[in-house]
>>> print(open('input-v1.txt').read())   # compact mmCIF, N, CA and C atoms
# COMPACT_ATOMS: atom_id res chain seq x y z
N MET A 286 132.39 106.32 111.00
CA MET A 286 130.97 106.03 110.77
C MET A 286 130.15 107.00 111.60
N ARG A 287 129.06 107.46 111.04
CA ARG A 287 128.18 108.38 111.75
C ARG A 287 127.47 107.63 112.87
N PRO A 288 127.10 108.33 113.94
CA PRO A 288 126.50 107.65 115.10
C PRO A 288 125.05 107.23 114.88
N VAL A 289 124.61 106.29 115.71
CA VAL A 289 123.21 105.85 115.73
C VAL A 289 122.33 107.08 115.95
N GLY A 290 121.24 107.13 115.23
CA GLY A 290 120.30 108.25 115.33
C GLY A 290 120.51 109.32 114.28
N THR A 291 121.62 109.26 113.56
CA THR A 291 121.88 110.25 112.51
C THR A 291 120.82 110.13 111.43
N GLU A 292 120.21 111.28 111.10
CA GLU A 292 119.22 111.33 110.02
C GLU A 292 119.94 111.66 108.72
N LEU A 293 119.67 110.89 107.70
CA LEU A 293 120.22 111.18 106.37
C LEU A 293 119.36 112.27 105.72
N PRO A 294 119.97 113.13 104.91
CA PRO A 294 119.17 114.15 104.23
C PRO A 294 118.19 113.48 103.26
N PRO A 295 117.01 114.06 103.10
CA PRO A 295 116.03 113.46 102.19
C PRO A 295 116.48 113.56 100.73
N LEU A 296 116.02 112.61 99.93
CA LEU A 296 116.25 112.61 98.49
C LEU A 296 114.89 112.62 97.80
N ARG A 297 114.63 113.66 97.03
CA ARG A 297 113.38 113.80 96.28
C ARG A 297 113.58 113.25 94.87
N ILE A 298 112.74 112.30 94.48
CA ILE A 298 112.84 111.67 93.17
C ILE A 298 111.54 111.90 92.40
N PRO A 299 111.59 112.74 91.36
CA PRO A 299 110.40 112.92 90.52
C PRO A 299 110.07 111.60 89.81
N LEU A 300 108.83 111.19 89.90
CA LEU A 300 108.40 109.92 89.32
C LEU A 300 107.85 110.16 87.92
N THR A 301 108.75 110.15 86.98
CA THR A 301 108.34 110.36 85.59
C THR A 301 107.95 109.03 84.96
N ARG A 302 107.15 109.12 83.92
CA ARG A 302 106.79 107.91 83.17
C ARG A 302 108.05 107.25 82.61
N THR A 303 109.00 108.07 82.16
CA THR A 303 110.26 107.55 81.62
C THR A 303 111.01 106.76 82.67
N LEU A 304 111.12 107.28 83.89
CA LEU A 304 111.81 106.56 84.97
C LEU A 304 111.14 105.21 85.23
N ILE A 305 109.82 105.21 85.30
CA ILE A 305 109.10 103.99 85.62
C ILE A 305 109.27 102.94 84.52
N VAL A 306 109.10 103.36 83.28
CA VAL A 306 109.23 102.42 82.16
C VAL A 306 110.68 101.97 81.98
N ALA A 307 111.62 102.91 82.06
CA ALA A 307 113.03 102.56 81.89
C ALA A 307 113.49 101.60 82.99
N GLY A 308 113.03 101.80 84.21
CA GLY A 308 113.38 100.89 85.30
C GLY A 308 112.87 99.49 85.06
N ALA A 309 111.65 99.39 84.53
CA ALA A 309 111.09 98.07 84.23
C ALA A 309 111.88 97.39 83.12
N ILE A 310 112.20 98.15 82.08
CA ILE A 310 112.98 97.58 80.97
C ILE A 310 114.37 97.17 81.44
N ALA A 311 115.03 98.04 82.21
CA ALA A 311 116.40 97.74 82.67
C ALA A 311 116.44 96.49 83.54
N SER A 312 115.38 96.25 84.28
CA SER A 312 115.35 95.07 85.15
C SER A 312 114.65 93.88 84.49
N ARG A 313 114.37 94.03 83.19
CA ARG A 313 113.74 92.97 82.40
C ARG A 313 112.39 92.53 82.96
N ASP A 314 111.67 93.48 83.51
CA ASP A 314 110.33 93.22 84.03
C ASP A 314 109.35 93.74 82.98
N TYR A 315 108.88 92.86 82.12
CA TYR A 315 108.04 93.27 81.00
C TYR A 315 106.55 93.15 81.30
N GLN A 316 106.18 93.06 82.57
CA GLN A 316 104.75 93.02 82.90
C GLN A 316 104.12 94.32 82.42
N ASP A 317 102.99 94.19 81.75
CA ASP A 317 102.37 95.35 81.11
C ASP A 317 102.01 96.48 82.07
N VAL A 318 101.76 96.20 83.32
CA VAL A 318 101.38 97.25 84.28
C VAL A 318 102.52 98.23 84.55
N HIS A 319 103.74 97.88 84.09
CA HIS A 319 104.89 98.76 84.30
C HIS A 319 105.24 99.59 83.06
N HIS A 320 104.52 99.35 81.94
CA HIS A 320 104.87 100.12 80.74
C HIS A 320 103.70 100.49 79.84
N ASP A 321 102.54 99.89 80.02
CA ASP A 321 101.40 100.14 79.13
C ASP A 321 100.22 100.70 79.93
N PRO A 322 99.98 102.02 79.83
CA PRO A 322 98.90 102.64 80.63
C PRO A 322 97.51 102.03 80.38
N GLU A 323 97.19 101.71 79.12
CA GLU A 323 95.88 101.15 78.82
C GLU A 323 95.68 99.79 79.46
N LEU A 324 96.68 98.94 79.36
CA LEU A 324 96.58 97.61 79.98
C LEU A 324 96.61 97.70 81.50
N ALA A 325 97.38 98.65 82.04
CA ALA A 325 97.38 98.85 83.49
C ALA A 325 95.99 99.26 83.96
N ARG A 326 95.33 100.18 83.23
CA ARG A 326 93.97 100.59 83.59
C ARG A 326 92.98 99.42 83.47
N ALA A 327 93.16 98.60 82.44
CA ALA A 327 92.29 97.43 82.27
C ALA A 327 92.41 96.45 83.45
N LYS A 328 93.55 96.49 84.12
CA LYS A 328 93.77 95.62 85.27
C LYS A 328 93.45 96.31 86.60
N GLY A 329 92.87 97.52 86.54
CA GLY A 329 92.41 98.19 87.75
C GLY A 329 93.32 99.26 88.31
N SER A 330 94.43 99.52 87.66
CA SER A 330 95.36 100.57 88.12
C SER A 330 95.07 101.85 87.35
N PRO A 331 95.20 103.01 87.99
CA PRO A 331 94.95 104.26 87.26
C PRO A 331 96.03 104.58 86.21
N ASP A 332 97.18 103.94 86.30
CA ASP A 332 98.28 104.20 85.37
C ASP A 332 99.34 103.12 85.58
N VAL A 333 100.43 103.21 84.80
CA VAL A 333 101.56 102.32 85.05
C VAL A 333 102.12 102.64 86.43
N PHE A 334 102.84 101.70 87.03
CA PHE A 334 103.45 101.95 88.33
C PHE A 334 104.82 101.28 88.40
N MET A 335 105.65 101.82 89.28
CA MET A 335 107.04 101.38 89.43
C MET A 335 107.12 99.94 89.96
N ASN A 336 108.09 99.19 89.43
CA ASN A 336 108.29 97.83 89.92
C ASN A 336 109.24 97.83 91.13
N ILE A 337 109.25 96.73 91.84
CA ILE A 337 110.04 96.64 93.08
C ILE A 337 111.55 96.72 92.80
N LEU A 338 111.98 96.21 91.65
CA LEU A 338 113.42 96.25 91.36
C LEU A 338 113.92 97.68 91.17
N THR A 339 113.10 98.53 90.56
CA THR A 339 113.48 99.94 90.42
C THR A 339 113.52 100.61 91.78
N THR A 340 112.51 100.33 92.60
CA THR A 340 112.51 100.88 93.96
C THR A 340 113.75 100.43 94.71
N ASN A 341 114.08 99.15 94.61
CA ASN A 341 115.26 98.61 95.28
C ASN A 341 116.53 99.35 94.84
N GLY A 342 116.64 99.59 93.54
CA GLY A 342 117.79 100.32 93.01
C GLY A 342 117.85 101.75 93.52
N LEU A 343 116.70 102.41 93.63
CA LEU A 343 116.68 103.79 94.12
C LEU A 343 117.04 103.85 95.61
N VAL A 344 116.61 102.87 96.37
CA VAL A 344 116.99 102.80 97.79
C VAL A 344 118.50 102.62 97.90
N GLY A 345 119.07 101.73 97.09
CA GLY A 345 120.52 101.54 97.09
C GLY A 345 121.25 102.81 96.70
N ARG A 346 120.76 103.50 95.69
CA ARG A 346 121.36 104.77 95.26
C ARG A 346 121.33 105.79 96.40
N TYR A 347 120.21 105.85 97.12
CA TYR A 347 120.09 106.79 98.24
C TYR A 347 121.19 106.55 99.27
N ILE A 348 121.43 105.31 99.59
CA ILE A 348 122.45 104.97 100.59
C ILE A 348 123.85 105.26 100.06
N THR A 349 124.16 104.83 98.84
CA THR A 349 125.52 105.06 98.31
C THR A 349 125.77 106.53 98.01
N ASP A 350 124.74 107.29 97.63
CA ASP A 350 124.92 108.74 97.47
C ASP A 350 125.34 109.36 98.79
N HIS A 351 124.77 108.87 99.89
CA HIS A 351 125.09 109.44 101.20
C HIS A 351 126.45 108.98 101.73
N PHE A 352 126.73 107.69 101.62
CA PHE A 352 127.95 107.14 102.22
C PHE A 352 129.16 107.18 101.30
N GLY A 353 128.96 107.44 100.02
CA GLY A 353 130.08 107.62 99.11
C GLY A 353 130.40 106.41 98.26
N PRO A 354 131.33 106.61 97.31
CA PRO A 354 131.62 105.59 96.30
C PRO A 354 132.29 104.33 96.85
N THR A 355 132.84 104.38 98.04
CA THR A 355 133.46 103.17 98.60
C THR A 355 132.48 102.34 99.43
N ALA A 356 131.25 102.83 99.56
CA ALA A 356 130.24 102.10 100.34
C ALA A 356 129.86 100.82 99.61
N THR A 357 129.72 99.75 100.39
CA THR A 357 129.29 98.46 99.85
C THR A 357 127.97 98.08 100.51
N LEU A 358 126.95 97.87 99.69
CA LEU A 358 125.67 97.42 100.22
C LEU A 358 125.78 95.94 100.56
N ARG A 359 125.53 95.61 101.81
CA ARG A 359 125.62 94.22 102.27
C ARG A 359 124.26 93.52 102.23
N LYS A 360 123.19 94.29 102.52
CA LYS A 360 121.85 93.71 102.54
C LYS A 360 120.84 94.84 102.34
N VAL A 361 119.88 94.59 101.47
CA VAL A 361 118.76 95.51 101.26
C VAL A 361 117.49 94.69 101.46
N ALA A 362 116.69 95.07 102.44
CA ALA A 362 115.44 94.37 102.73
C ALA A 362 114.32 95.39 102.74
N ILE A 363 113.47 95.35 101.69
CA ILE A 363 112.42 96.35 101.58
C ILE A 363 111.05 95.70 101.45
N ARG A 364 110.03 96.51 101.75
CA ARG A 364 108.63 96.11 101.60
C ARG A 364 107.90 97.27 100.94
N LEU A 365 107.09 96.95 99.92
CA LEU A 365 106.35 97.98 99.22
C LEU A 365 105.00 98.24 99.86
N GLY A 366 104.52 99.49 99.67
CA GLY A 366 103.20 99.89 100.12
C GLY A 366 102.46 100.56 98.98
N ALA A 367 102.21 101.86 99.10
CA ALA A 367 101.48 102.62 98.08
C ALA A 367 102.27 102.64 96.78
N PRO A 368 101.61 102.48 95.64
CA PRO A 368 102.32 102.47 94.35
C PRO A 368 102.95 103.83 94.02
N ASN A 369 104.02 103.79 93.24
CA ASN A 369 104.63 105.00 92.67
C ASN A 369 104.07 105.18 91.26
N TYR A 370 103.27 106.23 91.07
CA TYR A 370 102.68 106.53 89.77
C TYR A 370 103.39 107.73 89.15
N PRO A 371 103.35 107.83 87.81
CA PRO A 371 103.94 109.00 87.13
C PRO A 371 103.27 110.29 87.61
N GLY A 372 104.08 111.35 87.68
CA GLY A 372 103.57 112.66 88.07
C GLY A 372 103.69 112.96 89.55
N ASP A 373 104.04 111.97 90.34
CA ASP A 373 104.21 112.15 91.79
C ASP A 373 105.69 112.33 92.08
N THR A 374 106.03 112.46 93.33
CA THR A 374 107.42 112.53 93.80
C THR A 374 107.57 111.57 94.97
N MET A 375 108.64 110.80 94.96
CA MET A 375 108.96 109.96 96.12
C MET A 375 110.08 110.64 96.88
N VAL A 376 109.90 110.74 98.19
CA VAL A 376 110.93 111.31 99.05
C VAL A 376 111.48 110.20 99.94
N LEU A 377 112.77 109.92 99.76
CA LEU A 377 113.44 108.91 100.59
C LEU A 377 114.08 109.59 101.79
N THR A 378 113.89 108.99 102.96
CA THR A 378 114.53 109.45 104.19
C THR A 378 115.17 108.25 104.86
N GLY A 379 116.16 108.52 105.72
CA GLY A 379 116.84 107.43 106.40
C GLY A 379 117.35 107.83 107.76
N ARG A 380 117.55 106.83 108.60
CA ARG A 380 118.06 107.05 109.96
C ARG A 380 118.95 105.87 110.31
N ILE A 381 120.15 106.17 110.78
CA ILE A 381 121.08 105.10 111.18
C ILE A 381 120.56 104.46 112.47
N GLU A 382 120.33 103.17 112.43
CA GLU A 382 119.77 102.45 113.57
C GLU A 382 120.81 101.64 114.33
N ARG A 383 121.89 101.26 113.65
CA ARG A 383 122.90 100.42 114.30
C ARG A 383 124.24 100.67 113.63
N VAL A 384 125.29 100.66 114.46
CA VAL A 384 126.65 100.78 113.94
C VAL A 384 127.49 99.71 114.61
N ASP A 385 128.24 98.98 113.80
CA ASP A 385 129.15 97.95 114.30
C ASP A 385 130.45 98.08 113.50
N GLY A 386 131.40 98.82 114.04
CA GLY A 386 132.66 99.05 113.34
C GLY A 386 132.45 99.87 112.09
N ASP A 387 132.76 99.28 110.93
CA ASP A 387 132.62 100.01 109.68
C ASP A 387 131.31 99.68 108.95
N THR A 388 130.37 99.05 109.69
CA THR A 388 129.09 98.66 109.10
C THR A 388 127.94 99.34 109.84
N ALA A 389 126.99 99.85 109.06
CA ALA A 389 125.81 100.50 109.64
C ALA A 389 124.55 99.87 109.05
N THR A 390 123.49 99.90 109.85
CA THR A 390 122.16 99.53 109.38
C THR A 390 121.31 100.79 109.38
N VAL A 391 120.72 101.07 108.23
CA VAL A 391 119.95 102.29 108.04
C VAL A 391 118.49 101.91 107.78
N ARG A 392 117.58 102.52 108.53
CA ARG A 392 116.14 102.38 108.29
C ARG A 392 115.78 103.38 107.20
N VAL A 393 115.14 102.92 106.14
CA VAL A 393 114.79 103.77 105.00
C VAL A 393 113.27 103.77 104.81
N VAL A 394 112.73 104.96 104.53
CA VAL A 394 111.31 105.11 104.21
C VAL A 394 111.21 105.96 102.96
N GLY A 395 110.36 105.55 102.05
CA GLY A 395 110.08 106.34 100.85
C GLY A 395 108.60 106.63 100.79
N ALA A 396 108.25 107.91 100.73
CA ALA A 396 106.84 108.30 100.72
C ALA A 396 106.51 109.07 99.44
N ASN A 397 105.26 108.94 99.01
CA ASN A 397 104.77 109.70 97.87
C ASN A 397 103.43 110.34 98.26
N GLY A 398 102.73 110.90 97.30
CA GLY A 398 101.47 111.57 97.60
C GLY A 398 100.37 110.66 98.11
N LEU A 399 100.50 109.36 97.90
CA LEU A 399 99.50 108.40 98.37
C LEU A 399 99.82 107.85 99.76
N GLY A 400 101.06 108.01 100.20
CA GLY A 400 101.47 107.46 101.50
C GLY A 400 102.86 106.87 101.43
N THR A 401 103.07 105.82 102.20
CA THR A 401 104.38 105.18 102.26
C THR A 401 104.51 104.18 101.12
N HIS A 402 105.49 104.42 100.25
CA HIS A 402 105.74 103.51 99.12
C HIS A 402 106.65 102.36 99.53
N VAL A 403 107.70 102.65 100.30
CA VAL A 403 108.68 101.62 100.65
C VAL A 403 109.18 101.84 102.07
N THR A 404 109.38 100.73 102.78
CA THR A 404 110.05 100.75 104.08
C THR A 404 111.06 99.62 104.07
N GLY A 405 112.09 99.77 104.87
CA GLY A 405 113.06 98.69 104.96
C GLY A 405 114.34 99.10 105.64
N THR A 406 115.30 98.20 105.55
CA THR A 406 116.62 98.47 106.12
C THR A 406 117.69 98.13 105.09
N VAL A 407 118.78 98.87 105.20
CA VAL A 407 119.94 98.64 104.35
C VAL A 407 121.15 98.51 105.26
N THR A 408 121.93 97.46 105.06
CA THR A 408 123.18 97.29 105.77
C THR A 408 124.29 97.68 104.81
N VAL A 409 125.14 98.61 105.25
CA VAL A 409 126.18 99.18 104.40
C VAL A 409 127.51 99.18 105.14
N THR A 410 128.58 98.89 104.42
CA THR A 410 129.93 98.93 104.98
C THR A 410 130.72 100.03 104.28
N VAL A 411 131.40 100.84 105.08
CA VAL A 411 132.26 101.90 104.56
C VAL A 411 133.62 101.71 105.21
N PRO A 412 134.65 101.36 104.43
CA PRO A 412 135.99 101.17 105.00
C PRO A 412 136.46 102.43 105.73
N ALA A 413 137.07 102.23 106.88
CA ALA A 413 137.53 103.36 107.69
C ALA A 413 138.46 104.29 106.90
N ALA A 414 139.30 103.75 106.06
CA ALA A 414 140.24 104.58 105.29
C ALA A 414 139.52 105.49 104.31
N ALA A 415 138.28 105.18 103.95
CA ALA A 415 137.54 105.96 102.95
C ALA A 415 136.66 107.04 103.59
N ARG A 416 136.54 107.03 104.90
CA ARG A 416 135.67 108.01 105.57
C ARG A 416 136.35 109.36 105.69
N PRO A 417 135.54 110.43 105.59
CA PRO A 417 136.11 111.78 105.75
C PRO A 417 136.63 112.04 107.14
>>> encode(input="input-v1.txt", output="structure tokens")
Amino acid sequence: MRPVGTELPPLRIPLTRTLIVAGAIASRDYQDVHHDPELARAKGSPDVFMNILTTNGLVGRYITDHFGPTATLRKVAIRLGAPNYPGDTMVLTGRIERVDGDTATVRVVGANGLGTHVTGTVTVTVPAAARP
């Protein structure tokens, strides 16, 4: 396991309309603000925006991309901030905050052009036999 303080490399995610709408559909979140620009504007948003379940999935992907296919997510605890709108980019960064045997807790931040979109922690286990 990597030591406390290790910074994970950033992951840049282009925020396309397709990603936002597909994430809402895949998570069965049919609220109009996640797929209909006109209705989103009628409700005060400049455009459709990403739902929390898609953000949660992208945070999980960020961690498993870094720790590998044998990584098991034990806990994902996130809080949303600035919305993710189409045409922007979200950059995920992470820092290992705690290590206990084969389990690490990683602080994750995702930022876009408006500010911080997501903050939180992910607890991940990587079996010793699977580590490089």
>>> residues_around(input="input-v1.txt", residues="stretch 317-324 of chain A", least_positions_apart="3", cutoff="8 Å", atoms="all atoms listed in the file", output="list in words")
Ile305, Val306, Ala307, Gly308, Ala309, Ile310, Asp314, Ala327, Lys328, Gly329, Ser330, Pro331, Asp332, Val333, Phe334, Met335 and Asn336 of chain A
>>> select_by_dssp(input="input-v1.txt", residues="chain A", states="strand (DSSP E)", output="ChimeraX atom specification")
/A:292-300,357-365,373-385,388-397,400-410
>>> write_last_selection(input="input-v1.txt", atoms="N, CA and C atoms", output="compact mmCIF listing (two decimals), in the frame of the given file")
# COMPACT_ATOMS: atom_id res chain seq x y z
N GLU A 292 120.21 111.28 111.10
CA GLU A 292 119.22 111.33 110.02
C GLU A 292 119.94 111.66 108.72
N LEU A 293 119.67 110.89 107.70
CA LEU A 293 120.22 111.18 106.37
C LEU A 293 119.36 112.27 105.72
N PRO A 294 119.97 113.13 104.91
CA PRO A 294 119.17 114.15 104.23
C PRO A 294 118.19 113.48 103.26
N PRO A 295 117.01 114.06 103.10
CA PRO A 295 116.03 113.46 102.19
C PRO A 295 116.48 113.56 100.73
N LEU A 296 116.02 112.61 99.93
CA LEU A 296 116.25 112.61 98.49
C LEU A 296 114.89 112.62 97.80
N ARG A 297 114.63 113.66 97.03
CA ARG A 297 113.38 113.80 96.28
C ARG A 297 113.58 113.25 94.87
N ILE A 298 112.74 112.30 94.48
CA ILE A 298 112.84 111.67 93.17
C ILE A 298 111.54 111.90 92.40
N PRO A 299 111.59 112.74 91.36
CA PRO A 299 110.40 112.92 90.52
C PRO A 299 110.07 111.60 89.81
N LEU A 300 108.83 111.19 89.90
CA LEU A 300 108.40 109.92 89.32
C LEU A 300 107.85 110.16 87.92
N THR A 357 129.72 99.75 100.39
CA THR A 357 129.29 98.46 99.85
C THR A 357 127.97 98.08 100.51
N LEU A 358 126.95 97.87 99.69
CA LEU A 358 125.67 97.42 100.22
C LEU A 358 125.78 95.94 100.56
N ARG A 359 125.53 95.61 101.81
CA ARG A 359 125.62 94.22 102.27
C ARG A 359 124.26 93.52 102.23
N LYS A 360 123.19 94.29 102.52
CA LYS A 360 121.85 93.71 102.54
C LYS A 360 120.84 94.84 102.34
N VAL A 361 119.88 94.59 101.47
CA VAL A 361 118.76 95.51 101.26
C VAL A 361 117.49 94.69 101.46
N ALA A 362 116.69 95.07 102.44
CA ALA A 362 115.44 94.37 102.73
C ALA A 362 114.32 95.39 102.74
N ILE A 363 113.47 95.35 101.69
CA ILE A 363 112.42 96.35 101.58
C ILE A 363 111.05 95.70 101.45
N ARG A 364 110.03 96.51 101.75
CA ARG A 364 108.63 96.11 101.60
C ARG A 364 107.90 97.27 100.94
N LEU A 365 107.09 96.95 99.92
CA LEU A 365 106.35 97.98 99.22
C LEU A 365 105.00 98.24 99.86
N ASP A 373 104.04 111.97 90.34
CA ASP A 373 104.21 112.15 91.79
C ASP A 373 105.69 112.33 92.08
N THR A 374 106.03 112.46 93.33
CA THR A 374 107.42 112.53 93.80
C THR A 374 107.57 111.57 94.97
N MET A 375 108.64 110.80 94.96
CA MET A 375 108.96 109.96 96.12
C MET A 375 110.08 110.64 96.88
N VAL A 376 109.90 110.74 98.19
CA VAL A 376 110.93 111.31 99.05
C VAL A 376 111.48 110.20 99.94
N LEU A 377 112.77 109.92 99.76
CA LEU A 377 113.44 108.91 100.59
C LEU A 377 114.08 109.59 101.79
N THR A 378 113.89 108.99 102.96
CA THR A 378 114.53 109.45 104.19
C THR A 378 115.17 108.25 104.86
N GLY A 379 116.16 108.52 105.72
CA GLY A 379 116.84 107.43 106.40
C GLY A 379 117.35 107.83 107.76
N ARG A 380 117.55 106.83 108.60
CA ARG A 380 118.06 107.05 109.96
C ARG A 380 118.95 105.87 110.31
N ILE A 381 120.15 106.17 110.78
CA ILE A 381 121.08 105.10 111.18
C ILE A 381 120.56 104.46 112.47
N GLU A 382 120.33 103.17 112.43
CA GLU A 382 119.77 102.45 113.57
C GLU A 382 120.81 101.64 114.33
N ARG A 383 121.89 101.26 113.65
CA ARG A 383 122.90 100.42 114.30
C ARG A 383 124.24 100.67 113.63
N VAL A 384 125.29 100.66 114.46
CA VAL A 384 126.65 100.78 113.94
C VAL A 384 127.49 99.71 114.61
N ASP A 385 128.24 98.98 113.80
CA ASP A 385 129.15 97.95 114.30
C ASP A 385 130.45 98.08 113.50
N THR A 388 130.37 99.05 109.69
CA THR A 388 129.09 98.66 109.10
C THR A 388 127.94 99.34 109.84
N ALA A 389 126.99 99.85 109.06
CA ALA A 389 125.81 100.50 109.64
C ALA A 389 124.55 99.87 109.05
N THR A 390 123.49 99.90 109.85
CA THR A 390 122.16 99.53 109.38
C THR A 390 121.31 100.79 109.38
N VAL A 391 120.72 101.07 108.23
CA VAL A 391 119.95 102.29 108.04
C VAL A 391 118.49 101.91 107.78
N ARG A 392 117.58 102.52 108.53
CA ARG A 392 116.14 102.38 108.29
C ARG A 392 115.78 103.38 107.20
N VAL A 393 115.14 102.92 106.14
CA VAL A 393 114.79 103.77 105.00
C VAL A 393 113.27 103.77 104.81
N VAL A 394 112.73 104.96 104.53
CA VAL A 394 111.31 105.11 104.21
C VAL A 394 111.21 105.96 102.96
N GLY A 395 110.36 105.55 102.05
CA GLY A 395 110.08 106.34 100.85
C GLY A 395 108.60 106.63 100.79
N ALA A 396 108.25 107.91 100.73
CA ALA A 396 106.84 108.30 100.72
C ALA A 396 106.51 109.07 99.44
N ASN A 397 105.26 108.94 99.01
CA ASN A 397 104.77 109.70 97.87
C ASN A 397 103.43 110.34 98.26
N GLY A 400 101.06 108.01 100.20
CA GLY A 400 101.47 107.46 101.50
C GLY A 400 102.86 106.87 101.43
N THR A 401 103.07 105.82 102.20
CA THR A 401 104.38 105.18 102.26
C THR A 401 104.51 104.18 101.12
N HIS A 402 105.49 104.42 100.25
CA HIS A 402 105.74 103.51 99.12
C HIS A 402 106.65 102.36 99.53
N VAL A 403 107.70 102.65 100.30
CA VAL A 403 108.68 101.62 100.65
C VAL A 403 109.18 101.84 102.07
N THR A 404 109.38 100.73 102.78
CA THR A 404 110.05 100.75 104.08
C THR A 404 111.06 99.62 104.07
N GLY A 405 112.09 99.77 104.87
CA GLY A 405 113.06 98.69 104.96
C GLY A 405 114.34 99.10 105.64
N THR A 406 115.30 98.20 105.55
CA THR A 406 116.62 98.47 106.12
C THR A 406 117.69 98.13 105.09
N VAL A 407 118.78 98.87 105.20
CA VAL A 407 119.94 98.64 104.35
C VAL A 407 121.15 98.51 105.26
N THR A 408 121.93 97.46 105.06
CA THR A 408 123.18 97.29 105.77
C THR A 408 124.29 97.68 104.81
N VAL A 409 125.14 98.61 105.25
CA VAL A 409 126.18 99.18 104.40
C VAL A 409 127.51 99.18 105.14
N THR A 410 128.58 98.89 104.42
CA THR A 410 129.93 98.93 104.98
C THR A 410 130.72 100.03 104.28
>>> closest_residue(input="input-v1.txt", among="A:Val344, A:Leu300, A:Ala356, A:Val409", to="A:Gly372", atoms="all atoms listed in the file")
A:Leu300
>>> atom_distance(input="input-v1.txt", atom1="atom CA of A:Gly395", atom2="atom CA of A:Ala413")
28.4 Å
>>> residues_around(input="input-v1.txt", residues="A:Thr404", least_positions_apart="6", cutoff="6 Å", atoms="only C-alpha atoms", output="ChimeraX atom specification")
/A:363-364,393-394
>>> closest_residue(input="input-v1.txt", among="A:Val411, A:Leu358, A:Tyr347, A:Thr388", to="A:Leu296", atoms="all atoms listed in the file")
A:Tyr347
>>> closest_residue(input="input-v1.txt", among="A:Gly398, A:Pro412, A:Pro371, A:Gly379", to="A:Thr303", atoms="all atoms listed in the file")
A:Pro371
>>> atom_distance(input="input-v1.txt", atom1="atom CA of A:Lys360", atom2="atom CA of A:Arg297")
22.7 Å
>>> atom_distance(input="input-v1.txt", atom1="atom N of A:Leu377", atom2="atom N of A:Thr291")
16.4 Å
>>> closest_residue(input="input-v1.txt", among="A:Val403, A:Ala396, A:Val391, A:Val384", to="A:Met286", atoms="all atoms listed in the file")
A:Val384
>>> closest_residue(input="input-v1.txt", among="A:Val376, A:Leu304, A:Pro294, A:Ala362", to="A:Arg392", atoms="only C-alpha atoms")
A:Ala362
>>> select_by_dssp(input="input-v1.txt", residues="chain A", states="helix (DSSP H, G or I)", output="PyMOL selection string")
chain A and resi 302-311+317-319+322-327+337-352+413-415
>>> closest_residue(input="input-v1.txt", among="A:Thr378, A:Asn397, A:Phe352, A:Asn369", to="A:Thr410", atoms="all atoms listed in the file")
A:Phe352
>>> build_atoms(input="input-v1.txt", residues="stretch 321-331 of chain A", atoms="N, CA, C and O atoms", output="mmCIF file, in the frame of the given file")
data_model
loop_
_atom_site.group_PDB
_atom_site.id
_atom_site.type_symbol
_atom_site.label_atom_id
_atom_site.label_comp_id
_atom_site.auth_asym_id
_atom_site.auth_seq_id
_atom_site.Cartn_x
_atom_site.Cartn_y
_atom_site.Cartn_z
ATOM 1 N N ASP A 321 102.540 99.890 80.020
ATOM 2 C CA ASP A 321 101.400 100.140 79.130
ATOM 3 C C ASP A 321 100.220 100.700 79.930
ATOM 4 O O ASP A 321 99.519 99.952 80.618
ATOM 5 N N PRO A 322 99.980 102.020 79.830
ATOM 6 C CA PRO A 322 98.900 102.640 80.630
ATOM 7 C C PRO A 322 97.510 102.030 80.380
ATOM 8 O O PRO A 322 96.747 101.838 81.316
ATOM 9 N N GLU A 323 97.190 101.710 79.120
ATOM 10 C CA GLU A 323 95.880 101.150 78.820
ATOM 11 C C GLU A 323 95.680 99.790 79.460
ATOM 12 O O GLU A 323 94.636 99.512 80.056
ATOM 13 N N LEU A 324 96.680 98.940 79.360
ATOM 14 C CA LEU A 324 96.580 97.610 79.980
ATOM 15 C C LEU A 324 96.610 97.700 81.500
ATOM 16 O O LEU A 324 95.942 96.922 82.181
ATOM 17 N N ALA A 325 97.380 98.650 82.040
ATOM 18 C CA ALA A 325 97.380 98.850 83.490
ATOM 19 C C ALA A 325 95.990 99.260 83.960
ATOM 20 O O ALA A 325 95.488 98.738 84.972
ATOM 21 N N ARG A 326 95.330 100.180 83.230
ATOM 22 C CA ARG A 326 93.970 100.590 83.590
ATOM 23 C C ARG A 326 92.980 99.420 83.470
ATOM 24 O O ARG A 326 92.096 99.256 84.308
ATOM 25 N N ALA A 327 93.160 98.600 82.440
ATOM 26 C CA ALA A 327 92.290 97.430 82.270
ATOM 27 C C ALA A 327 92.410 96.450 83.450
ATOM 28 O O ALA A 327 91.471 95.707 83.733
ATOM 29 N N LYS A 328 93.550 96.490 84.120
ATOM 30 C CA LYS A 328 93.770 95.620 85.270
ATOM 31 C C LYS A 328 93.450 96.310 86.600
ATOM 32 O O LYS A 328 93.773 95.790 87.665
ATOM 33 N N GLY A 329 92.870 97.520 86.540
ATOM 34 C CA GLY A 329 92.410 98.190 87.750
ATOM 35 C C GLY A 329 93.320 99.260 88.310
ATOM 36 O O GLY A 329 93.031 99.855 89.333
ATOM 37 N N SER A 330 94.430 99.520 87.660
ATOM 38 C CA SER A 330 95.360 100.570 88.120
ATOM 39 C C SER A 330 95.070 101.850 87.350
ATOM 40 O O SER A 330 94.762 101.806 86.160
ATOM 41 N N PRO A 331 95.200 103.010 87.990
ATOM 42 C CA PRO A 331 94.950 104.260 87.260
ATOM 43 C C PRO A 331 96.030 104.580 86.210
ATOM 44 O O PRO A 331 95.800 105.397 85.326
#
